[in-house]
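Data file: entry_32.tsv. Format and content: TSV, C-alpha atoms.
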```tsv
chain	number	residue	atom	x	y	z
A	1	MET	CA	11.28	16.73	41.37
A	2	VAL	CA	8.07	17.40	43.34
A	3	TYR	CA	4.85	18.60	41.72
A	4	VAL	CA	1.93	20.40	43.39
A	5	SER	CA	-1.55	20.94	41.99
A	6	ASN	CA	-3.60	23.77	43.43
A	7	ASN	CA	-7.25	22.74	43.66
A	8	ASN	CA	-8.44	26.17	44.77
A	9	ILE	CA	-8.51	27.51	41.20
A	10	SER	CA	-7.93	24.77	38.64
A	11	PRO	CA	-5.46	21.89	38.53
A	12	LEU	CA	-2.07	23.56	38.36
A	13	THR	CA	1.24	21.75	37.98
A	14	ILE	CA	4.12	23.29	39.92
A	15	GLY	CA	7.66	21.98	39.70
A	16	LEU	CA	9.52	22.07	43.02
A	17	ASN	CA	13.32	22.14	43.30
A	18	ASN	CA	14.33	21.56	46.90
A	19	ILE	CA	17.26	23.42	48.41
A	20	THR	CA	18.47	20.14	49.86
A	21	LYS	CA	17.93	16.72	48.34
A	22	PRO	CA	14.29	15.70	48.91
A	23	ASN	CA	13.58	13.11	51.55
A	24	LEU	CA	11.10	11.04	49.59
A	25	THR	CA	10.26	8.93	52.65
A	26	LEU	CA	8.42	12.01	53.90
A	27	PHE	CA	5.72	11.45	51.28
A	28	ASN	CA	3.18	8.59	51.15
A	29	VAL	CA	0.27	8.46	48.72
A	30	GLY	CA	-2.99	9.49	50.40
A	31	GLN	CA	-1.22	11.35	53.17
A	32	THR	CA	-2.18	14.89	54.18
A	33	LEU	CA	0.65	17.13	55.38
A	34	ASN	CA	0.90	20.61	56.79
A	35	ALA	CA	2.98	22.98	54.67
A	36	THR	CA	4.00	26.57	55.30
A	37	ILE	CA	4.30	28.93	52.36
A	38	GLN	CA	7.14	31.24	53.39
A	39	SER	CA	7.17	33.65	50.47
A	40	THR	CA	5.95	34.15	46.93
A	41	GLN	CA	7.55	36.14	44.15
A	42	GLY	CA	5.87	35.94	40.80
A	43	ASN	CA	5.70	32.29	39.88
A	44	GLN	CA	8.23	31.26	42.51
A	45	VAL	CA	7.06	29.97	45.88
A	46	GLN	CA	9.15	28.92	48.87
A	47	LEU	CA	7.50	26.51	51.30
A	48	ASN	CA	8.45	24.23	54.17
A	49	ILE	CA	7.22	20.68	54.68
A	50	GLY	CA	8.63	19.11	57.81
A	51	ASN	CA	12.31	20.01	57.91
A	52	GLN	CA	12.56	20.45	54.15
A	53	THR	CA	12.56	23.76	52.31
A	54	LEU	CA	11.25	23.58	48.75
A	55	ILE	CA	11.27	26.15	45.96
A	56	ALA	CA	8.29	25.93	43.60
A	57	HIS	CA	8.16	27.25	40.06
A	58	SER	CA	4.50	27.41	39.08
A	59	LYS	CA	2.78	27.87	35.74
A	60	GLU	CA	0.44	30.33	37.47
A	61	PRO	CA	0.99	32.44	40.60
A	62	ILE	CA	0.03	30.85	43.92
A	63	THR	CA	-2.31	33.01	46.04
A	64	ASN	CA	-2.16	30.87	49.21
A	65	THR	CA	0.03	32.12	52.05
A	66	GLY	CA	0.83	30.89	55.53
A	67	THR	CA	-0.05	27.39	56.62
A	68	VAL	CA	-1.89	25.16	54.16
A	69	GLN	CA	-2.59	21.47	53.91
A	70	VAL	CA	-1.31	19.39	51.00
A	71	HIS	CA	-2.50	15.97	49.89
A	72	VAL	CA	0.02	13.49	48.49
A	73	LYS	CA	-1.38	12.25	45.19
A	74	GLN	CA	1.71	10.52	43.75
A	75	THR	CA	5.28	9.66	44.75
A	76	GLN	CA	6.63	7.91	41.63
A	77	PRO	CA	8.18	8.74	39.25
A	78	SER	CA	7.83	12.17	40.87
A	79	VAL	CA	6.06	13.50	43.94
A	80	VAL	CA	2.71	15.19	43.19
A	81	LEU	CA	1.00	17.18	45.93
A	82	SER	CA	-2.41	18.84	45.90
A	83	ILE	CA	-3.24	21.88	48.02
A	84	VAL	CA	-6.37	21.08	50.04
A	85	PRO	CA	-9.04	23.75	49.42
A	86	ASN	CA	-10.08	25.89	52.37
A	87	THR	CA	-13.65	24.67	52.42
A	88	LYS	CA	-14.55	26.87	55.38
A	89	ALA	CA	-13.58	30.03	53.52
A	90	GLN	CA	-15.32	28.83	50.36
A	91	GLY	CA	-18.43	27.97	52.38
A	92	SER	CA	-18.44	31.42	53.98
A	93	GLN	CA	-18.13	33.06	50.58
A	94	GLN	CA	-21.01	30.98	49.23
A	95	VAL	CA	-23.18	31.97	52.21
A	96	GLN	CA	-22.48	35.66	51.54
A	97	LEU	CA	-23.39	35.25	47.87
A	98	THR	CA	-26.63	33.50	48.84
A	99	LEU	CA	-27.48	36.23	51.36
A	100	GLN	CA	-26.85	38.98	48.83
A	101	ALA	CA	-29.06	37.25	46.27
A	102	ALA	CA	-31.82	36.94	48.88
A	103	TYR	CA	-31.50	40.59	49.91
A	104	ARG	CA	-31.69	41.68	46.27
A	105	GLN	CA	-34.95	39.76	45.97
A	106	PHE	CA	-36.71	40.71	49.20
A	107	ILE	CA	-35.56	44.18	50.32
A	108	PRO	CA	-37.12	46.17	47.44
A	109	ALA	CA	-40.48	44.40	47.93
A	110	GLN	CA	-41.05	44.60	51.70
A	111	THR	CA	-43.16	46.66	54.06
A	112	ASN	CA	-43.17	46.77	57.86
A	113	ILE	CA	-45.74	44.63	59.60
A	114	SER	CA	-47.74	47.49	61.12
A	115	GLN	CA	-48.17	49.11	57.70
A	116	ALA	CA	-49.22	45.79	56.19
A	117	PHE	CA	-51.82	45.30	58.92
A	118	GLN	CA	-53.10	48.85	58.35
A	119	GLN	CA	-53.54	48.09	54.64
A	120	LEU	CA	-55.22	44.76	55.38
A	121	SER	CA	-57.71	46.44	57.72
A	122	LEU	CA	-58.76	48.84	54.94
A	123	LEU	CA	-59.40	46.22	52.25
A	124	GLN	CA	-63.01	45.85	51.19
A	125	SER	CA	-65.12	43.53	49.04
A	126	LEU	CA	-63.14	40.43	49.95
A	127	PRO	CA	-64.83	37.01	49.94
A	128	PRO	CA	-65.91	35.76	53.41
A	129	SER	CA	-63.51	32.82	53.12
A	130	LEU	CA	-60.65	35.34	53.25
A	131	LEU	CA	-62.20	38.10	55.33
A	132	THR	CA	-62.74	35.82	58.34
A	133	PRO	CA	-59.11	34.60	58.71
A	134	ILE	CA	-57.81	38.14	58.03
A	135	ASN	CA	-59.94	39.56	60.85
A	136	GLN	CA	-58.88	36.71	63.14
A	137	LEU	CA	-55.21	37.46	62.38
A	138	LEU	CA	-55.64	41.19	63.03
A	139	ASP	CA	-57.49	40.52	66.30
A	140	GLN	CA	-54.79	38.08	67.42
A	141	MET	CA	-51.85	40.33	66.57
A	142	LEU	CA	-53.29	43.75	67.45
A	143	LYS	CA	-55.22	43.07	70.64
A	144	SER	CA	-53.96	45.06	73.60
A	145	THR	CA	-53.39	43.30	76.92
A	146	GLY	CA	-52.27	46.38	78.85
A	147	SER	CA	-48.92	45.74	80.48
A	148	LEU	CA	-46.79	43.10	78.77
A	149	SER	CA	-45.38	40.41	81.05
A	150	GLY	CA	-42.20	38.50	80.34
A	151	LYS	CA	-44.22	35.40	79.46
A	152	GLU	CA	-46.41	37.36	77.04
A	153	LEU	CA	-43.34	38.96	75.44
A	154	LYS	CA	-41.81	35.50	74.99
A	155	ASN	CA	-45.02	34.30	73.32
A	156	LYS	CA	-45.02	37.28	70.96
A	157	LEU	CA	-41.41	36.59	70.03
A	158	GLU	CA	-42.23	32.92	69.38
A	159	GLN	CA	-45.22	33.93	67.23
A	160	SER	CA	-43.37	36.72	65.38
A	161	GLY	CA	-42.59	34.57	62.34
A	162	LEU	CA	-38.83	34.75	62.87
A	163	PHE	CA	-38.59	31.08	63.84
A	164	LEU	CA	-41.14	29.36	61.58
A	165	GLU	CA	-38.62	27.23	59.69
A	166	SER	CA	-37.04	26.12	62.97
A	167	LYS	CA	-40.45	24.99	64.26
A	168	LEU	CA	-41.09	23.04	61.07
A	169	LYS	CA	-37.64	21.44	61.21
A	170	ASN	CA	-38.30	20.31	64.79
A	171	ASN	CA	-41.84	19.12	63.91
A	172	ASP	CA	-43.22	21.56	66.48
A	173	HIS	CA	-46.56	21.89	64.71
A	174	THR	CA	-48.41	23.00	67.86
A	175	LYS	CA	-46.55	26.33	67.71
A	176	VAL	CA	-46.93	26.76	63.95
A	177	GLN	CA	-50.68	27.41	64.12
A	178	ASN	CA	-50.31	30.90	65.67
A	179	ASP	CA	-47.04	31.76	63.91
A	180	LEU	CA	-47.37	35.05	62.00
A	181	LYS	CA	-45.37	33.98	58.96
A	182	ALA	CA	-47.26	30.69	58.74
A	183	GLN	CA	-50.60	32.53	58.81
A	184	LEU	CA	-49.46	35.03	56.18
A	185	LEU	CA	-48.30	32.19	53.91
A	186	SER	CA	-51.62	30.39	54.40
A	187	LEU	CA	-53.57	33.56	53.56
A	188	LYS	CA	-51.42	34.11	50.48
A	189	GLN	CA	-52.15	30.57	49.28
A	190	GLN	CA	-55.90	31.09	49.81
A	191	ALA	CA	-55.83	34.47	48.05
A	192	GLU	CA	-53.98	33.05	45.04
A	193	SER	CA	-56.49	30.20	44.78
A	194	ALA	CA	-59.36	32.68	44.95
A	195	ARG	CA	-57.76	34.81	42.21
A	196	VAL	CA	-57.66	31.83	39.87
A	197	LYS	CA	-61.44	31.41	40.22
A	198	ASN	CA	-62.33	35.11	40.34
A	199	PRO	CA	-59.53	37.55	39.47
A	200	THR	CA	-60.29	40.94	41.03
A	201	SER	CA	-58.23	44.03	41.85
A	202	GLN	CA	-58.94	43.52	45.56
A	203	LEU	CA	-57.46	40.01	45.50
A	204	LEU	CA	-54.47	41.28	43.53
A	205	GLN	CA	-53.93	44.00	46.15
A	206	LEU	CA	-54.30	41.45	48.96
A	207	THR	CA	-51.64	39.11	47.56
A	208	GLY	CA	-49.31	42.10	47.09
A	209	ILE	CA	-49.69	43.17	50.73
A	210	LEU	CA	-49.18	39.62	51.98
A	211	ASN	CA	-46.06	39.20	49.83
A	212	GLN	CA	-44.56	42.43	51.18
A	213	ALA	CA	-45.23	41.41	54.80
A	214	ILE	CA	-43.72	37.95	54.23
A	215	ASN	CA	-40.68	39.55	52.60
A	216	ARG	CA	-40.27	41.81	55.64
A	217	LEU	CA	-40.13	38.81	57.96
A	218	THR	CA	-37.70	37.05	55.62
A	219	VAL	CA	-35.34	40.05	55.65
A	220	GLN	CA	-35.46	40.10	59.46
A	221	GLN	CA	-34.68	36.38	59.52
A	222	LEU	CA	-31.67	36.93	57.27
A	223	GLN	CA	-30.45	39.75	59.52
A	224	LEU	CA	-30.93	37.54	62.57
A	225	TYR	CA	-28.89	34.82	60.85
A	226	GLU	CA	-26.08	37.29	60.11
A	227	ASN	CA	-26.04	38.64	63.67
A	228	PRO	CA	-27.68	36.28	66.21
A	229	LEU	CA	-26.83	38.71	69.04
A	230	ILE	CA	-29.42	41.20	67.78
A	231	THR	CA	-33.09	40.15	67.81
A	232	PRO	CA	-35.57	42.59	66.19
A	233	LEU	CA	-39.26	42.39	67.12
A	234	GLU	CA	-42.12	44.56	65.87
A	235	LEU	CA	-45.14	44.84	68.16
A	236	PRO	CA	-48.00	46.33	66.12
A	237	PHE	CA	-51.13	47.48	67.94
A	238	ARG	CA	-54.40	49.21	67.09
A	239	SER	CA	-54.90	52.81	68.24
A	240	LYS	CA	-58.34	54.16	67.28
A	241	LYS	CA	-58.39	53.55	63.50
A	242	GLU	CA	-54.63	53.40	63.04
A	243	VAL	CA	-52.23	50.50	63.35
A	244	LEU	CA	-49.08	51.67	65.13
A	245	LYS	CA	-45.87	49.85	65.92
A	246	ASN	CA	-44.00	49.34	69.14
A	247	SER	CA	-40.61	47.74	68.66
A	248	ILE	CA	-38.13	45.95	70.85
A	249	GLU	CA	-34.52	45.05	70.14
A	250	ILE	CA	-32.53	42.65	72.31
A	251	ARG	CA	-28.79	42.70	71.77
A	252	LYS	CA	-25.56	41.63	73.43
A	253	ASN	CA	-22.84	44.25	73.86
A	254	ASP	CA	-19.47	42.50	73.73
A	255	GLN	CA	-17.66	45.85	73.64
A	256	SER	CA	-18.52	46.74	77.24
A	257	ALA	CA	-16.47	45.51	80.18
A	258	PRO	CA	-17.83	43.16	81.30
A	259	PRO	CA	-20.10	42.24	78.35
A	260	SER	CA	-23.73	43.17	78.97
A	261	TRP	CA	-27.18	42.72	77.48
A	262	GLU	CA	-29.18	45.67	76.19
A	263	VAL	CA	-32.90	46.03	75.54
A	264	LEU	CA	-34.17	48.94	73.44
A	265	LEU	CA	-37.91	49.73	73.51
A	266	ASP	CA	-39.81	52.19	71.32
A	267	THR	CA	-43.28	52.77	72.78
A	268	HIS	CA	-46.08	54.88	71.27
A	269	LEU	CA	-47.97	56.78	73.97
A	270	PRO	CA	-50.74	59.40	73.64
A	271	GLN	CA	-48.20	62.03	74.79
A	272	GLY	CA	-45.56	60.95	72.23
A	273	MET	CA	-42.83	58.38	71.66
A	274	LEU	CA	-40.97	56.96	74.66
A	275	THR	CA	-37.64	55.25	73.96
A	276	THR	CA	-36.22	53.15	76.78
A	277	LYS	CA	-32.75	51.62	76.94
A	278	LEU	CA	-32.09	48.97	79.58
A	279	THR	CA	-28.54	47.77	80.20
A	280	ILE	CA	-28.32	44.55	82.20
A	281	GLN	CA	-24.98	43.65	83.78
A	282	PRO	CA	-23.89	40.03	84.43
A	283	LYS	CA	-24.59	40.39	88.17
A	284	GLY	CA	-28.12	41.61	87.48
A	285	ASP	CA	-27.58	45.36	87.91
A	286	ILE	CA	-29.86	47.39	85.65
A	287	HIS	CA	-29.29	50.85	84.18
A	288	CYS	CA	-32.37	52.49	82.65
A	289	TYR	CA	-32.31	55.50	80.32
A	290	LEU	CA	-35.48	57.21	79.11
A	291	TRP	CA	-35.91	59.54	76.15
A	292	CYS	CA	-39.15	61.50	75.69
A	293	GLU	CA	-40.32	62.84	72.35
A	294	THR	CA	-42.37	65.71	73.79
A	295	PRO	CA	-42.03	68.08	76.79
A	296	LEU	CA	-45.43	66.89	78.02
A	297	LEU	CA	-44.27	63.27	78.11
A	298	GLU	CA	-40.99	64.25	79.80
A	299	LYS	CA	-42.92	66.12	82.52
A	300	LEU	CA	-45.16	63.09	83.06
A	301	ILE	CA	-42.19	60.71	83.28
A	302	LYS	CA	-40.35	62.96	85.76
A	303	GLU	CA	-43.38	62.98	88.03
A	304	ASN	CA	-43.42	59.17	88.07
A	305	LEU	CA	-39.71	58.30	88.37
A	306	THR	CA	-40.10	57.51	92.07
A	307	THR	CA	-43.00	55.17	91.34
A	308	LEU	CA	-41.00	53.46	88.59
A	309	THR	CA	-38.06	52.96	90.97
A	310	GLN	CA	-40.40	51.38	93.51
A	311	GLN	CA	-41.79	49.03	90.87
A	312	PHE	CA	-38.27	47.85	90.00
A	313	THR	CA	-37.63	47.22	93.70
A	314	GLU	CA	-40.93	45.40	94.21
A	315	HIS	CA	-40.00	42.99	91.41
A	316	GLU	CA	-36.55	42.44	93.01
A	317	LEU	CA	-34.74	44.12	90.13
A	318	ALA	CA	-31.48	45.86	91.06
A	319	ILE	CA	-31.96	49.27	89.42
A	320	LYS	CA	-28.73	51.29	89.66
A	321	THR	CA	-29.47	54.10	87.21
A	322	LEU	CA	-32.82	55.62	86.24
A	323	GLN	CA	-32.69	58.89	84.36
A	324	ILE	CA	-34.10	60.90	81.49
A	325	VAL	CA	-31.58	61.55	78.71
A	326	PRO	CA	-31.60	64.36	76.12
A	327	GLN	CA	-30.47	62.19	73.20
A	328	LYS	CA	-32.51	59.30	71.86
A	329	PRO	CA	-30.76	55.91	72.26
A	330	SER	CA	-30.15	54.46	68.83
A	331	SER	CA	-31.08	51.04	67.57
A	332	THR	CA	-28.55	48.90	65.75
A	333	GLN	CA	-27.90	50.03	62.21
A	334	LYS	CA	-28.33	47.03	59.94
A	335	ASN	CA	-25.96	48.00	57.15
A	336	THR	CA	-26.68	45.12	54.84
A	337	GLN	CA	-24.19	45.27	51.99
A	338	ILE	CA	-25.61	44.26	48.65
A	339	ALA	CA	-23.29	44.06	45.68
A	340	LEU	CA	-23.89	45.72	42.34
A	341	ILE	CA	-27.29	47.27	43.08
A	342	ASP	CA	-28.63	50.51	44.48
A	343	ILE	CA	-31.82	50.19	46.50
A	344	HIS	CA	-33.93	53.08	47.77
A	345	ILE	CA	-36.82	52.32	50.12
```
Show me the file's structure as structure tokens.
Amino acid sequence: MVYVSNNNISPLTIGLNNITKPNLTLFNVGQTLNATIQSTQGNQVQLNIGNQTLIAHSKEPITNTGTVQVHVKQTQPSVVLSIVPNTKAQGSQQVQLTLQAAYRQFIPAQTNISQAFQQLSLLQSLPPSLLTPINQLLDQMLKSTGSLSGKELKNKLEQSGLFLESKLKNNDHTKVQNDLKAQLLSLKQQAESARVKNPTSQLLQLTGILNQAINRLTVQQLQLYENPLITPLELPFRSKKEVLKNSIEIRKNDQSAPPSWEVLLDTHLPQGMLTTKLTIQPKGDIHCYLWCETPLLEKLIKENLTTLTQQFTEHELAIKTLQIVPQKPSSTQKNTQIALIDIHI
């Protein structure tokens, strides 16, 4: 008689009657063996270990199928085997549960960064100890440098707050100082300390705005963890008295043949929104598609397509396609599934 305990649920004892006489020399205490579950029917399970076929009669149904690993716990007076839990599957399930719990906490209480900056810029009657770092943060994040070079874009991505924990883990404190999430957390700590000494509605409003902005970055970090091939980046900027948002999404398209990289840009211009989709092939060929929100912007872009082509060439970029498209290229839909709740934002 051979017994198996299934550690995936709770210790189960399963009596096994082999079709042929068991070869007990196959089993040694402490040994881990590969077993194949051939079929299950109710509480009866047929499995192969080596060249032996065994029929199990379990107290509870076995849910495992296919190849599993079994650990030999005992050989005398009877053989006792334990199914080794699939720790990878259990770990993945635990990660999903953790992500869902985090989404339930942060998604309902977030706001995009540009809106948070707009609200911060309108706050009044704040103590100088808070007003000075807030203004410094807004100046740092909203200042316009005209055209954005690759190096500047890299710096903005590094400072976006998406990688704060990675910097801290690597003791890269030189890059933490200008990190957006680090600055928001520091401001939140200062605001909470100020509220203890002098609770005011302005300080309460400030901590609320900071919390929502931090939550926004946390949600983006979770989405980046779930899909590392898609990197979201908000680029807020000041236009007159408003804070607007340019955005960039960098993603890998494994569905194309061959796989390619795509960059999606949403740019606010005085004439309207310009959405640009760049597809970059492995050999460096670039296809550029432009969508214009208004007829005035489309007319302006058409008049400058030749100039844009020349600029690609001057920078030694192999532009193969450059055209205006009637339908706006879409960003990746982040369909975060959250169990048991209904969230409206």
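The environment of Pro329 in chain A within 10 Å, counting only C-alpha atoms and disregarding residues fewer than 3 places along the same chain, consists of Leu264, Leu265, Asp266, Thr275, Thr276, Lys277, Tyr289, Leu290, Trp291, Val325, Pro326 and Thr332 of chain A.
Taking CA of Leu130 in chain A and CA of Ala116 in chain A as the two end points, the separation is 15.8 Å.
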9 Å contact set for Ile301 in chain A, only C-alpha atoms, chain neighbours under 3 positions out, as a PyMOL selection string: chain A and resi 290+292+296-298+304-305+324
Selection near Ala102 in chain A, 12 Å with only C-alpha atoms, sequence-local residues under 2 positions removed, as an MDAnalysis selection string: chainID A and resid 95:100 104:109 215:216 218:223 336:339
Tell me which protein, DNA and RNA residues are within 12 Å of range 315-317 of chain A, counting only C-alpha atoms, leaving out same-chain ones fewer than 6 positions away, and put them as a short mmCIF file (atom, residue, chain, number, x, y, z; two decimals) with C-alpha atoms, keeping the file's coordinate frame.
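Contents of part.cif, as written:
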```cif
data_model
loop_
_atom_site.label_atom_id
_atom_site.label_comp_id
_atom_site.auth_asym_id
_atom_site.auth_seq_id
_atom_site.Cartn_x
_atom_site.Cartn_y
_atom_site.Cartn_z
CA SER A 149 -45.38 40.41 81.05
CA LEU A 278 -32.09 48.97 79.58
CA ILE A 280 -28.32 44.55 82.20
CA GLN A 281 -24.98 43.65 83.78
CA LYS A 283 -24.59 40.39 88.17
CA GLY A 284 -28.12 41.61 87.48
CA ASP A 285 -27.58 45.36 87.91
CA ILE A 286 -29.86 47.39 85.65
CA HIS A 287 -29.29 50.85 84.18
CA CYS A 288 -32.37 52.49 82.65
CA LEU A 308 -41.00 53.46 88.59
CA THR A 309 -38.06 52.96 90.97
#
```
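Pairwise distance (CA of Asn211 in chain A, CA of Lys169 in chain A) equals 22.7 Å.
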My list of candidates is A:Asn198, A:Thr174, A:Ser247, A:Ser256. Which is closest to Lys156 in chain A when distances are computed with all atoms listed in the file? A:Ser247
Residues of range 83-149 of chain A that have any atom at most 12 Å from an atom of range 158-167 of chain A: could you tabulate them with the shortest-distance atom pair and the distance in Å to one decimal, using only C-alpha atoms, ordered by chain and increasing number, as a Markdown table?
```
| residue | atom | partner | partner_atom | distance |
| --- | --- | --- | --- | --- |
| A:Ile113 | CA | A:Ser160 | CA | 10.1 |
| A:Leu137 | CA | A:Gln159 | CA | 11.7 |
| A:Gln140 | CA | A:Gln159 | CA | 10.4 |
| A:Met141 | CA | A:Gln159 | CA | 9.2 |
```
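CA of Pro270 in chain A is found 26.6 Å from CA of Leu123 in chain A.
Checking A:Ile250, A:Val29, A:Ile134, A:Gln205 one by one against Leu224 in chain A, counting only C-alpha atoms, you find the shortest gap at A:Ile250.
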For Gln41 in chain A, list every protein, DNA or RNA residue within 10 Å, evaluated using all atoms listed in the file, and leave out those in the same chain fewer than 3 positions away; present the list as a list in words. Gln44, Val45, Gln46, His57, Pro61 and Ile62 of chain A
Using all atoms of range 47-53 of chain A that appear in the file, construct an axis-aligned enclosing box with 4 Å of padding on every side and provide its centre coordinates and edge lengths in Å, rounded to one decimal, as lines of an AutoDock Vina configuration file.
```
center_x = 9.9
center_y = 22.8
center_z = 54.6
size_x = 13.3
size_y = 15.4
size_z = 14.6
```
Closest of A:Pro127, A:Gln118, A:Ser260, A:Asn155 to Ala213 in chain A - atom-to-atom distances counting only C-alpha atoms: A:Gln118
N, CA and C atoms restored at range 198-213 of chain A, emitted as a CSV table (one decimal), in the coordinates of the input:
```
chain,number,residue,atom,x,y,z
A,198,ASN,N,-61.7,33.8,40.5
A,198,ASN,CA,-62.3,35.1,40.3
A,198,ASN,C,-61.3,36.2,40.5
A,199,PRO,N,-60.6,36.5,39.4
A,199,PRO,CA,-59.5,37.6,39.5
A,199,PRO,C,-60.1,38.9,39.6
A,200,THR,N,-59.8,39.6,40.8
A,200,THR,CA,-60.3,40.9,41.0
A,200,THR,C,-59.1,41.8,41.5
A,201,SER,N,-59.3,43.1,41.4
A,201,SER,CA,-58.2,44.0,41.8
A,201,SER,C,-58.0,43.9,43.3
A,202,GLN,N,-59.1,43.6,44.1
A,202,GLN,CA,-58.9,43.5,45.6
A,202,GLN,C,-58.1,42.3,45.9
A,203,LEU,N,-58.3,41.2,45.2
A,203,LEU,CA,-57.5,40.0,45.5
A,203,LEU,C,-56.0,40.2,45.1
A,204,LEU,N,-55.8,41.0,44.0
A,204,LEU,CA,-54.5,41.3,43.5
A,204,LEU,C,-53.8,42.1,44.6
A,205,GLN,N,-54.5,43.1,45.1
A,205,GLN,CA,-53.9,44.0,46.2
A,205,GLN,C,-53.6,43.2,47.4
A,206,LEU,N,-54.5,42.3,47.8
A,206,LEU,CA,-54.3,41.4,49.0
A,206,LEU,C,-53.0,40.6,48.8
A,207,THR,N,-52.8,39.9,47.7
A,207,THR,CA,-51.6,39.1,47.6
A,207,THR,C,-50.4,40.0,47.6
A,208,GLY,N,-50.5,41.2,47.0
A,208,GLY,CA,-49.3,42.1,47.1
A,208,GLY,C,-48.9,42.5,48.5
A,209,ILE,N,-49.9,42.8,49.3
A,209,ILE,CA,-49.7,43.2,50.7
A,209,ILE,C,-49.1,42.0,51.5
A,210,LEU,N,-49.7,40.8,51.3
A,210,LEU,CA,-49.2,39.6,52.0
A,210,LEU,C,-47.7,39.3,51.6
A,211,ASN,N,-47.4,39.4,50.3
A,211,ASN,CA,-46.1,39.2,49.8
A,211,ASN,C,-45.1,40.2,50.5
A,212,GLN,N,-45.4,41.4,50.6
A,212,GLN,CA,-44.6,42.4,51.2
A,212,GLN,C,-44.3,42.2,52.7
A,213,ALA,N,-45.4,41.7,53.4
A,213,ALA,CA,-45.2,41.4,54.8
A,213,ALA,C,-44.3,40.2,55.0
```
